[in-house]
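**Q** Just so it is clear, I am handing over query_13.txt, which has compact mmCIF, C-alpha atoms.
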# COMPACT_ATOMS: atom_id res chain seq x y z
CA MET A 7 65.80 90.83 44.49
CA ARG A 8 67.17 94.37 44.86
CA ARG A 9 64.57 97.10 45.14
CA SER A 10 64.98 100.86 45.08
CA SER A 11 63.29 103.35 47.35
CA ARG A 12 59.82 103.74 45.88
CA LEU A 13 56.08 103.62 46.41
CA ILE A 14 54.95 100.03 45.90
CA MET A 15 51.20 99.76 46.45
CA THR A 16 48.02 101.78 46.53
CA ALA A 17 44.98 99.94 47.83
CA ALA A 18 41.34 100.76 47.09
CA SER A 19 39.22 102.78 49.43
CA ILE A 20 39.02 100.91 52.74
CA CYS A 21 37.07 103.05 55.17
CA TRP A 22 35.21 106.30 55.72
CA LEU A 23 36.02 109.12 58.10
CA LEU A 24 33.59 111.86 59.07
CA GLY A 25 35.54 115.10 59.48
CA ALA A 26 34.98 118.84 59.48
CA GLY A 27 34.59 118.96 55.71
CA GLY A 28 32.21 116.02 55.36
CA LEU A 29 32.60 112.40 54.32
CA ALA A 30 36.06 111.54 52.90
CA SER A 31 37.30 108.29 51.40
CA ALA A 32 40.44 106.86 53.02
CA GLU A 33 43.09 104.93 51.11
CA THR A 34 46.05 102.83 52.22
CA THR A 35 49.40 103.28 50.50
CA THR A 36 52.48 101.21 51.30
CA VAL A 37 55.90 102.75 50.66
CA LEU A 38 59.30 101.07 50.61
CA TRP A 39 62.35 103.04 51.67
CA GLY A 40 65.78 101.55 51.02
CA PRO A 41 67.93 99.62 50.48
CA PHE A 42 70.09 100.11 53.55
CA PRO A 43 73.19 97.89 53.16
CA MET A 44 73.79 96.32 56.55
CA PRO A 45 77.25 95.10 57.55
CA PRO A 46 77.44 91.59 59.04
CA ALA A 47 77.54 90.85 62.73
CA THR A 48 80.97 90.02 64.11
CA SER A 49 82.38 88.70 67.37
CA GLU A 50 82.34 92.32 68.58
CA GLY A 51 78.61 92.77 68.08
CA PRO A 52 75.80 93.34 65.56
CA GLY A 53 76.29 95.02 62.21
CA ASP A 54 75.32 98.60 62.88
CA LEU A 55 74.13 101.39 60.56
CA GLU A 56 73.15 104.94 61.53
CA GLY A 57 72.42 107.75 59.13
CA ILE A 58 70.28 110.50 57.66
CA SER A 59 68.78 109.98 54.21
CA GLY A 60 66.76 112.06 51.78
CA THR A 61 68.81 115.26 52.01
CA SER A 62 70.59 117.20 49.26
CA GLY A 63 72.95 120.13 48.82
CA LEU A 64 74.20 121.81 51.98
CA ALA A 65 71.78 119.76 54.06
CA SER A 66 73.42 116.59 52.76
CA PHE A 67 76.85 117.91 53.77
CA VAL A 68 75.60 118.66 57.27
CA ALA A 69 73.95 115.23 57.44
CA GLY A 70 77.37 113.72 56.76
CA LEU A 71 78.84 115.66 59.65
CA LEU A 72 76.04 114.29 61.85
CA GLY A 73 76.86 110.69 60.97
CA ALA A 74 74.95 109.87 57.76
CA GLU A 75 76.39 106.88 55.90
CA VAL A 76 73.75 106.06 53.28
CA ASP A 77 71.61 108.38 51.17
CA ILE A 78 68.90 106.62 49.19
CA GLY A 79 67.79 109.76 47.40
CA PRO A 80 64.41 111.49 47.72
CA ILE A 81 62.04 109.83 50.19
CA PRO A 82 58.75 108.93 48.44
CA LYS A 83 55.64 110.20 50.17
CA PRO A 84 52.45 108.11 50.17
CA CYS A 85 50.39 110.99 48.79
CA SER A 86 50.39 114.73 48.06
CA ASN A 87 47.91 117.40 49.10
CA CYS A 88 46.47 114.89 51.54
CA TYR A 89 46.14 114.12 55.25
CA ILE A 90 47.79 111.10 56.88
CA THR A 91 45.44 109.44 59.36
CA ALA A 92 47.38 106.30 60.35
CA VAL A 93 50.90 104.87 60.10
CA ARG A 94 51.91 101.20 60.48
CA PRO A 95 55.71 100.73 60.38
CA ASN A 96 57.69 97.61 59.56
CA MET A 97 61.17 96.55 58.43
CA VAL A 98 61.78 93.88 55.77
CA ASP A 99 64.59 92.21 53.82
CA ALA A 100 65.14 92.14 50.06
CA ASN A 101 62.54 89.37 49.70
CA GLY A 102 59.90 91.33 51.57
CA ASP A 103 60.09 89.14 54.68
CA THR A 104 59.73 90.87 58.05
CA LEU A 105 62.94 91.44 59.98
CA ASN A 106 62.79 91.16 63.76
CA PHE A 107 64.84 89.56 66.52
CA ASN A 108 63.82 86.07 65.38
CA THR A 109 65.34 86.74 61.93
CA GLY A 110 68.35 88.68 63.17
CA GLY A 111 67.20 92.27 62.56
CA MET A 112 66.44 95.20 64.83
CA LEU A 113 64.78 98.51 63.99
CA HIS A 114 66.46 100.51 66.72
CA HIS A 115 64.68 103.64 65.54
CA VAL A 116 63.56 105.61 62.51
CA LEU A 117 62.50 109.26 62.58
CA VAL A 118 60.64 110.90 59.69
CA ALA A 119 60.91 114.68 59.38
CA ASN A 120 59.46 117.20 56.95
CA ILE A 121 62.27 119.61 56.03
CA ASP A 122 59.82 122.10 54.53
CA GLU A 123 58.07 122.79 57.83
CA PRO A 124 59.53 124.05 61.14
CA ASP A 125 59.57 122.12 64.39
CA VAL A 126 57.79 124.12 67.12
CA PHE A 127 60.26 122.93 69.77
CA CYS A 128 63.58 122.96 67.87
CA ARG A 129 64.08 126.19 66.01
CA PRO A 130 67.09 126.46 63.68
CA GLY A 131 70.38 126.99 65.48
CA PHE A 132 73.59 125.33 66.62
CA SER A 133 72.54 123.82 69.95
CA GLY A 134 71.57 120.29 68.83
CA ALA A 135 71.32 117.87 65.90
CA ILE A 136 67.67 118.71 65.17
CA ASN A 137 68.34 122.45 65.36
CA LEU A 138 71.17 122.03 62.85
CA MET A 139 68.93 120.08 60.49
CA GLY A 140 66.46 122.96 60.53
CA LEU A 141 69.18 125.51 59.96
CA PHE A 142 70.64 123.84 56.88
CA ALA A 143 67.66 121.96 55.45
CA GLY A 144 65.07 124.71 55.89
CA GLY A 145 62.85 122.80 58.32
CA ASN A 146 62.85 119.91 60.76
CA GLU A 147 59.24 119.03 61.61
CA ARG A 148 59.44 115.59 63.23
CA PHE A 149 56.05 113.98 62.64
CA PHE A 150 56.56 110.23 63.00
CA ALA A 151 58.98 107.71 64.45
CA ALA A 152 59.17 104.04 65.34
CA GLY A 153 61.31 101.75 67.43
CA ASN A 154 61.49 97.99 67.12
CA GLU A 155 58.10 97.64 68.84
CA ARG A 156 56.61 99.24 65.66
CA THR A 157 53.56 100.68 67.37
CA HIS A 158 50.70 101.62 65.03
CA PHE A 159 49.82 105.33 65.23
CA THR A 160 46.20 106.12 64.30
CA GLU A 161 44.89 109.67 64.45
CA GLN A 162 41.69 110.44 66.30
CA PRO A 163 38.84 110.40 63.72
CA GLY A 164 38.43 113.81 62.14
CA TYR A 165 42.14 114.73 62.26
CA GLY A 166 45.24 114.14 60.14
CA TYR A 167 48.78 115.27 59.31
CA ARG A 168 48.82 117.55 56.26
CA VAL A 169 51.18 116.60 53.38
CA ASP A 170 51.71 119.31 50.74
CA SER A 171 52.91 118.52 47.24
CA GLY A 172 56.21 120.35 47.76
CA ASP A 173 57.11 118.75 51.08
CA ASP A 174 60.43 116.90 51.27
CA TRP A 175 61.00 114.19 53.86
CA VAL A 176 64.17 112.90 55.49
CA LEU A 177 64.86 109.77 57.53
CA VAL A 178 67.05 109.55 60.62
CA TYR A 179 67.64 105.89 61.43
CA HIS A 180 69.60 103.31 63.40
CA LEU A 181 69.45 99.65 62.30
CA MET A 182 71.14 96.45 63.53
CA ASN A 183 71.96 93.16 61.81
CA MET A 184 72.53 90.19 64.11
CA GLN A 185 73.40 87.71 61.34
CA PRO A 186 77.02 87.11 60.24
CA VAL A 187 76.25 88.04 56.61
CA ALA A 188 75.71 91.39 54.91
CA ARG A 189 72.07 92.08 54.02
CA ASP A 190 69.86 94.83 52.65
CA PHE A 191 67.21 96.22 54.98
CA TYR A 192 64.13 98.25 53.95
CA PHE A 193 61.48 100.23 55.75
CA GLU A 194 58.00 99.13 54.68
CA ILE A 195 55.43 101.64 55.94
CA GLU A 196 51.66 101.58 55.48
CA PHE A 197 49.93 104.97 55.47
CA ASP A 198 46.19 105.61 55.63
CA HIS A 199 45.33 108.97 54.08
CA VAL A 200 42.42 111.10 52.90
CA SER A 201 42.19 114.02 50.51
CA SER A 202 39.75 116.07 52.58
CA GLY A 203 37.21 116.00 55.38
CA VAL A 204 39.62 116.18 58.32
CA GLU A 205 41.28 118.95 60.32
CA ALA A 206 45.04 119.37 60.08
CA THR A 207 46.96 118.99 63.33
CA ARG A 208 50.50 120.03 64.20
CA PRO A 209 52.90 117.26 65.23
CA MET A 210 54.62 117.67 68.58
CA TRP A 211 57.75 115.70 69.38
CA VAL A 212 58.24 115.39 73.15
CA ASP A 213 61.66 114.06 74.09
CA PHE A 214 63.69 113.82 77.30
CA ASP A 215 66.71 114.85 75.19
CA GLN A 216 64.80 117.39 73.14
CA CYS A 217 66.43 118.66 69.91
CA ASP A 218 69.51 116.43 70.12
CA ASP A 219 70.10 112.69 69.60
CA SER A 220 67.19 111.56 71.83
CA GLU A 221 69.45 109.37 73.97
CA ARG A 222 70.42 109.44 77.64
CA ASP A 223 71.90 106.85 79.98
CA SER A 224 69.70 105.57 82.81
CA PRO A 225 71.04 104.22 86.12
CA VAL A 226 70.73 100.73 87.56
CA GLY A 227 67.46 100.17 89.39
CA TYR A 228 64.39 102.40 89.22
CA SER A 229 64.62 105.83 87.59
CA ASP A 230 62.40 108.73 86.64
CA VAL A 231 65.05 111.11 85.39
CA ASN A 232 65.97 113.31 82.42
CA LYS A 233 62.70 115.24 82.69
CA TRP A 234 62.23 117.71 79.84
CA GLN A 235 60.31 120.90 80.65
CA TRP A 236 58.48 123.25 78.27
CA LYS A 237 56.54 126.48 78.83
CA SER A 238 53.85 126.37 76.18
CA ASP A 239 53.83 129.13 73.57
CA ARG A 240 50.36 128.17 72.25
CA SER A 241 46.95 126.85 73.30
CA GLY A 242 45.00 123.86 72.05
CA TYR A 243 44.22 120.17 72.55
CA ILE A 244 46.33 117.04 72.28
CA ARG A 245 44.15 114.78 70.13
CA THR A 246 46.42 111.73 69.70
CA ILE A 247 49.64 110.74 71.49
CA GLY A 248 51.90 107.71 71.88
CA GLY A 249 55.33 106.95 73.31
CA HIS A 250 58.60 105.08 72.85
CA VAL A 251 61.01 103.61 75.41
CA HIS A 252 63.61 100.85 75.27
CA ASP A 253 63.84 97.44 76.93
CA GLN A 254 63.18 97.54 80.68
CA GLY A 255 61.19 100.74 80.15
CA ILE A 256 57.84 100.98 81.95
CA SER A 257 56.20 104.15 80.64
CA ILE A 258 56.50 107.73 79.51
CA ALA A 259 54.01 110.46 80.45
CA TRP A 260 53.47 114.14 79.66
CA GLU A 261 52.17 116.21 82.59
CA ASN A 262 50.55 119.63 82.50
CA VAL A 263 51.91 120.91 85.80
CA SER A 264 50.06 124.24 85.59
CA ARG A 265 46.67 122.55 85.27
CA GLY A 266 47.50 119.68 87.61
CA SER A 267 46.64 117.11 84.94
CA ASN A 268 48.26 114.28 83.06
CA ILE A 269 47.95 114.56 79.28
CA TYR A 270 48.64 110.86 78.73
CA THR A 271 50.79 107.96 79.95
CA SER A 272 52.06 105.63 77.22
CA VAL A 273 52.78 102.23 78.76
CA ALA A 274 55.23 99.65 77.42
CA GLY A 275 54.07 96.14 76.52
CA TYR A 276 55.94 92.83 76.76
CA ALA A 277 55.02 89.19 76.30
CA ALA A 278 54.38 87.24 79.50
CA GLY A 279 57.72 86.21 81.00
CA ALA A 280 59.71 88.43 78.63
CA GLY A 281 63.39 88.48 79.50
CA SER A 282 63.77 92.17 78.65
CA ALA A 283 60.82 93.40 80.73
CA PRO A 284 61.54 95.78 83.64
CA VAL A 285 63.14 93.94 86.57
CA GLY A 286 61.06 95.87 89.12
CA PRO A 287 57.99 98.09 89.43
CA GLY A 288 57.37 101.73 88.68
CA SER A 289 56.79 104.10 91.57
CA GLY A 290 52.99 103.88 91.36
CA THR A 291 52.65 107.33 92.92
CA ASP A 292 50.15 108.71 90.38
CA ALA A 293 48.82 108.37 86.82
CA MET A 294 52.17 109.52 85.40
CA HIS A 295 54.01 106.70 87.17
CA PRO A 296 52.18 103.36 86.75
CA THR A 297 53.45 100.45 88.80
CA ASP A 298 53.32 97.89 86.03
CA TYR A 299 53.99 97.53 82.33
CA ASN A 300 51.40 95.82 80.10
CA ILE A 301 51.36 92.08 79.37
CA VAL A 302 50.79 91.74 75.61
CA GLY A 303 49.00 88.63 74.34
CA SER A 304 49.34 89.08 70.57
CA ASP A 305 50.98 91.19 67.89
CA PRO A 306 50.48 91.67 64.10
CA LEU A 307 54.05 90.47 63.49
CA GLY A 308 53.71 87.49 65.83
CA LEU A 309 54.56 88.12 69.45
CA GLY A 310 57.26 85.45 69.44
CA SER A 311 59.24 87.36 66.80
CA TYR A 312 60.27 89.87 69.48
CA MET A 313 61.97 87.11 71.51
CA GLY A 314 61.23 88.74 74.86
CA HIS A 315 61.99 92.34 73.88
CA ILE A 316 59.60 95.29 74.09
CA ALA A 317 56.67 94.70 71.72
CA ASP A 318 54.21 97.57 72.18
CA MET A 319 53.49 101.09 73.45
CA THR A 320 49.98 102.37 74.06
CA VAL A 321 48.50 105.20 71.95
CA GLY A 322 45.68 107.35 73.32
CA TYR A 323 43.17 110.07 72.47
CA PRO A 324 43.17 112.26 75.58
CA ASN A 325 41.82 115.56 74.20
CA GLY A 326 44.13 117.05 76.81
CA ARG A 327 44.05 120.83 77.14
CA ILE A 328 47.23 122.93 77.01
CA LYS A 329 47.03 126.69 77.45
CA LYS A 330 49.67 129.23 76.55
CA LYS A 331 52.27 129.58 79.34
CA ASN A 332 51.36 126.21 80.88
CA ASN A 333 54.38 124.34 82.24
CA MET A 334 54.76 120.84 80.77
CA VAL A 335 57.03 118.07 82.10
CA THR A 336 57.87 114.56 80.87
CA HIS A 337 58.24 111.51 83.13
CA THR A 338 60.05 108.43 81.79
CA GLN A 339 60.20 105.32 83.98
CA TYR A 340 62.81 102.58 83.65
CA HIS A 341 63.74 99.77 86.02
CA HIS A 342 67.08 98.31 84.95
CA SER A 343 69.01 95.27 86.05
CA GLN A 344 72.69 95.38 86.95
CA THR A 345 73.73 93.92 83.58
CA PRO A 346 76.46 96.18 82.13
CA GLY A 347 75.17 98.49 79.41
CA GLU A 348 71.45 97.95 80.07
CA GLY A 349 70.67 101.64 80.53
CA GLU A 350 73.01 103.04 77.87
CA GLY A 351 71.39 105.12 75.15
CA ASP A 352 67.86 104.95 76.59
CA MET A 353 65.11 106.92 74.90
CA GLY A 354 61.98 108.61 76.20
CA ILE A 355 59.88 110.04 73.35
CA MET A 356 56.24 110.97 72.81
CA ILE A 357 54.67 111.98 69.47
CA ALA A 358 51.46 113.98 69.65
CA SER A 359 48.93 115.56 67.32
CA PHE A 360 48.11 119.08 68.50
CA ASP A 361 44.92 120.89 67.54
CA GLU A 362 45.90 124.55 67.91
CA ASP A 363 43.39 127.22 68.91
CA PHE A 364 44.78 129.96 66.67
CA CYS A 365 48.20 130.82 65.25
CA ILE A 366 49.00 133.72 62.92
CA THR A 367 52.41 132.22 62.07
CA ASP A 368 54.17 129.02 63.13
CA PHE A 369 55.47 130.79 66.23
CA TRP A 370 52.95 133.56 66.88
CA CYS A 371 50.05 131.88 68.59
CA PHE A 372 47.29 132.59 71.08
Re-express the file's structure as structure tokens.

**A**
Amino acid sequence: MRRSSRLIMTAASICWLLGAGGLASAETTTVLWGPFPMPPATSEGPGDLEGISGTSGLASFVAGLLGAEVDIGPIPKPCSNCYITAVRPNMVDANGDTLNFNTGGMLHHVLVANIDEPDVFCRPGFSGAINLMGLFAGGNERFFAAGNERTHFTEQPGYGYRVDSGDDWVLVYHLMNMQPVARDFYFEIEFDHVSSGVEATRPMWVDFDQCDDSERDSPVGYSDVNKWQWKSDRSGYIRTIGGHVHDQGISIAWENVSRGSNIYTSVAGYAAGAGSAPVGPGSGTDAMHPTDYNIVGSDPLGLGSYMGHIADMTVGYPNGRIKKKNNMVTHTQYHHSQTPGEGEGDMGIMIASFDEDFCITDFWCF
């Protein structure tokens, strides 16, 4: 069965959230984005597809220069004039069956950006892929992403990501097909959302390769490298934050150096005895550098479907304070084996919801 990119389900009210504006009913909407025609695996490796979808006009031309191969048209949003309070990502085939390592599919990554809002870290320009997207698409606010671990991101109660009726979304993705036949892949994403009663937060994308392709090579053995630094141009609180690393990753943390505090450490999770777990410990020197990864005992998709690969990253609600001119630094821990290629294209990403004190414009804040 071939399905187009579309919204496929709206559930009834499932819960209540008490926010700044009072009691608001929350709904769950599942959207389906695709199809993405995957080439078959060959003796040289998996079928591989990278691209940018949902663009048009000049932005579409630039997306092609950046490597887009498939454009599925406008990306359906789960709601309009609403606030997203939770996201649960998945990847499925044309029959709606989940794709994971046990069925020969890998969601290497998917990034969702709002091209009608600016990214506070990556202003339009020519220095990196995200800057270019902002320059030619009008905006590049990166507000959600997932790797194959498909971590659920749930906002702290009382907060949500604002979706306006005129917002346009784009997808930046990398998918792999390990079966020797061509197949169609789809993103199947559940969104919880409310119409009112919560406070809008600004998404912050924290990346050790900020504003470019989010990838860096890590060395054999233990590493805490590729640290991205930022001098804050605004004040407020981090309400919700989670991370993403690859196999043999231990953790990623965001430190407020000026205040001598750790905003949050997102720790990787693997099944007991997982073959792709880190081969050695983290440094264990402080809260930003835990010694161990987490042992995961269950997963909504079935822990065995990951076949020993990374299966989880922790999400937290730190209410961490950032003041204007504070110096912020990321710490990403890996411990790689000597297997060739293990550390190639590593990622170290955190996605946070920021509750700003006061901003007159997107870039003029107190």

**Q** Could you check the closest approach to A:Gly79 for each of A:Asp305, A:Asp174, A:Asp219, A:Asp253 and tell me which residue wins, using all atoms listed in the file?

**A**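 Ranking A:Asp305, A:Asp174, A:Asp219, A:Asp253 by distance to A:Gly79, first place goes to A:Asp174.
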
**Q** With a distance cut-off of 7 Å and all atoms listed in the file, select the neighbouring residues of stretch 146-160 of chain A, excluding the residue or stretch itself and same-chain residues fewer than 2 positions from it, and output the selection as JSON, numbers by chain.

**A** {"A": [91, 92, 93, 94, 95, 96, 112, 113, 114, 115, 116, 117, 118, 119, 120, 121, 123, 124, 125, 136, 139, 140, 162, 209, 211, 250, 316, 317, 318, 319, 321, 357]}

**Q** Excluding A:Thr207 and its own-chain neighbours fewer than 4 positions away, which residues fall within 12 Å of it when counting only C-alpha atoms? Please give them as a compact mmCIF listing (two decimals) with C-alpha atoms, in the coordinates of the input.

**A**
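Saved to out-v3.txt:
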# COMPACT_ATOMS: atom_id res chain seq x y z
CA TYR A 89 46.14 114.12 55.25
CA ILE A 90 47.79 111.10 56.88
CA THR A 91 45.44 109.44 59.36
CA PHE A 149 56.05 113.98 62.64
CA GLU A 161 44.89 109.67 64.45
CA GLN A 162 41.69 110.44 66.30
CA PRO A 163 38.84 110.40 63.72
CA GLY A 164 38.43 113.81 62.14
CA TYR A 165 42.14 114.73 62.26
CA GLY A 166 45.24 114.14 60.14
CA TYR A 167 48.78 115.27 59.31
CA ARG A 168 48.82 117.55 56.26
CA VAL A 169 51.18 116.60 53.38
CA GLY A 242 45.00 123.86 72.05
CA TYR A 243 44.22 120.17 72.55
CA ILE A 244 46.33 117.04 72.28
CA ARG A 245 44.15 114.78 70.13
CA THR A 246 46.42 111.73 69.70
CA ILE A 247 49.64 110.74 71.49
CA ALA A 358 51.46 113.98 69.65
CA SER A 359 48.93 115.56 67.32
CA PHE A 360 48.11 119.08 68.50
CA ASP A 361 44.92 120.89 67.54
CA GLU A 362 45.90 124.55 67.91
CA ASP A 363 43.39 127.22 68.91
CA PHE A 364 44.78 129.96 66.67

**Q** Atom CA of A:Phe132 and atom CA of A:Gly172, how far apart in Å?

**A**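 Distance reported for this atom pair: 26.1 Å.
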
**Q** May I have a table of the residues of stretch 298-321 of chain A lying at most 8 Å from stretch 105-108 of chain A, giving each one's closest pair of atoms and their distance in Å to one decimal, counting all atoms listed in the file, ordered by chain and ascending residue number, as JSON lines?

**A**
{"residue": "A:Gly310", "atom": "CA", "partner": "A:Asn108", "partner_atom": "CA", "distance": 7.7}
{"residue": "A:Ser311", "atom": "CA", "partner": "A:Asn108", "partner_atom": "CA", "distance": 5.0}
{"residue": "A:Tyr312", "atom": "CA", "partner": "A:Phe107", "partner_atom": "CA", "distance": 5.5}
{"residue": "A:Met313", "atom": "CA", "partner": "A:Phe107", "partner_atom": "CA", "distance": 6.3}

**Q** Do you have the atom CA of A:Ala135-atom CA of A:Cys217 distance handy?

**A**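 Distance reported for this atom pair: 6.4 Å.
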
**Q** Could you pull out every residue with an atom within 9 Å of (46.8, 119.3, 84.3), file coordinates, counting all atoms listed in the file, and send them as a count of residues only?

**A** 14

**Q** So, with only C-alpha atoms as the atoms that count, which of A:Asp352, A:Asp99, A:Gly275, A:Phe369 lies closest to A:Leu309?

**A**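 Among the listed residues, the smallest separation from A:Leu309 belongs to A:Gly275.
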
**Q** Skip stretch 226-239 of chain A itself and residues of its chain fewer than 2 positions away, then list as a count of residues only all residues within 7 Å of it, counting all atoms listed in the file.

**A** 20

**Q** What is the atom CA of A:Gly57-atom CA of A:Thr36 distance in Å, reported with one decimal?

**A**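 Going from atom CA of A:Gly57 over to atom CA of A:Thr36 covers 22.4 Å.
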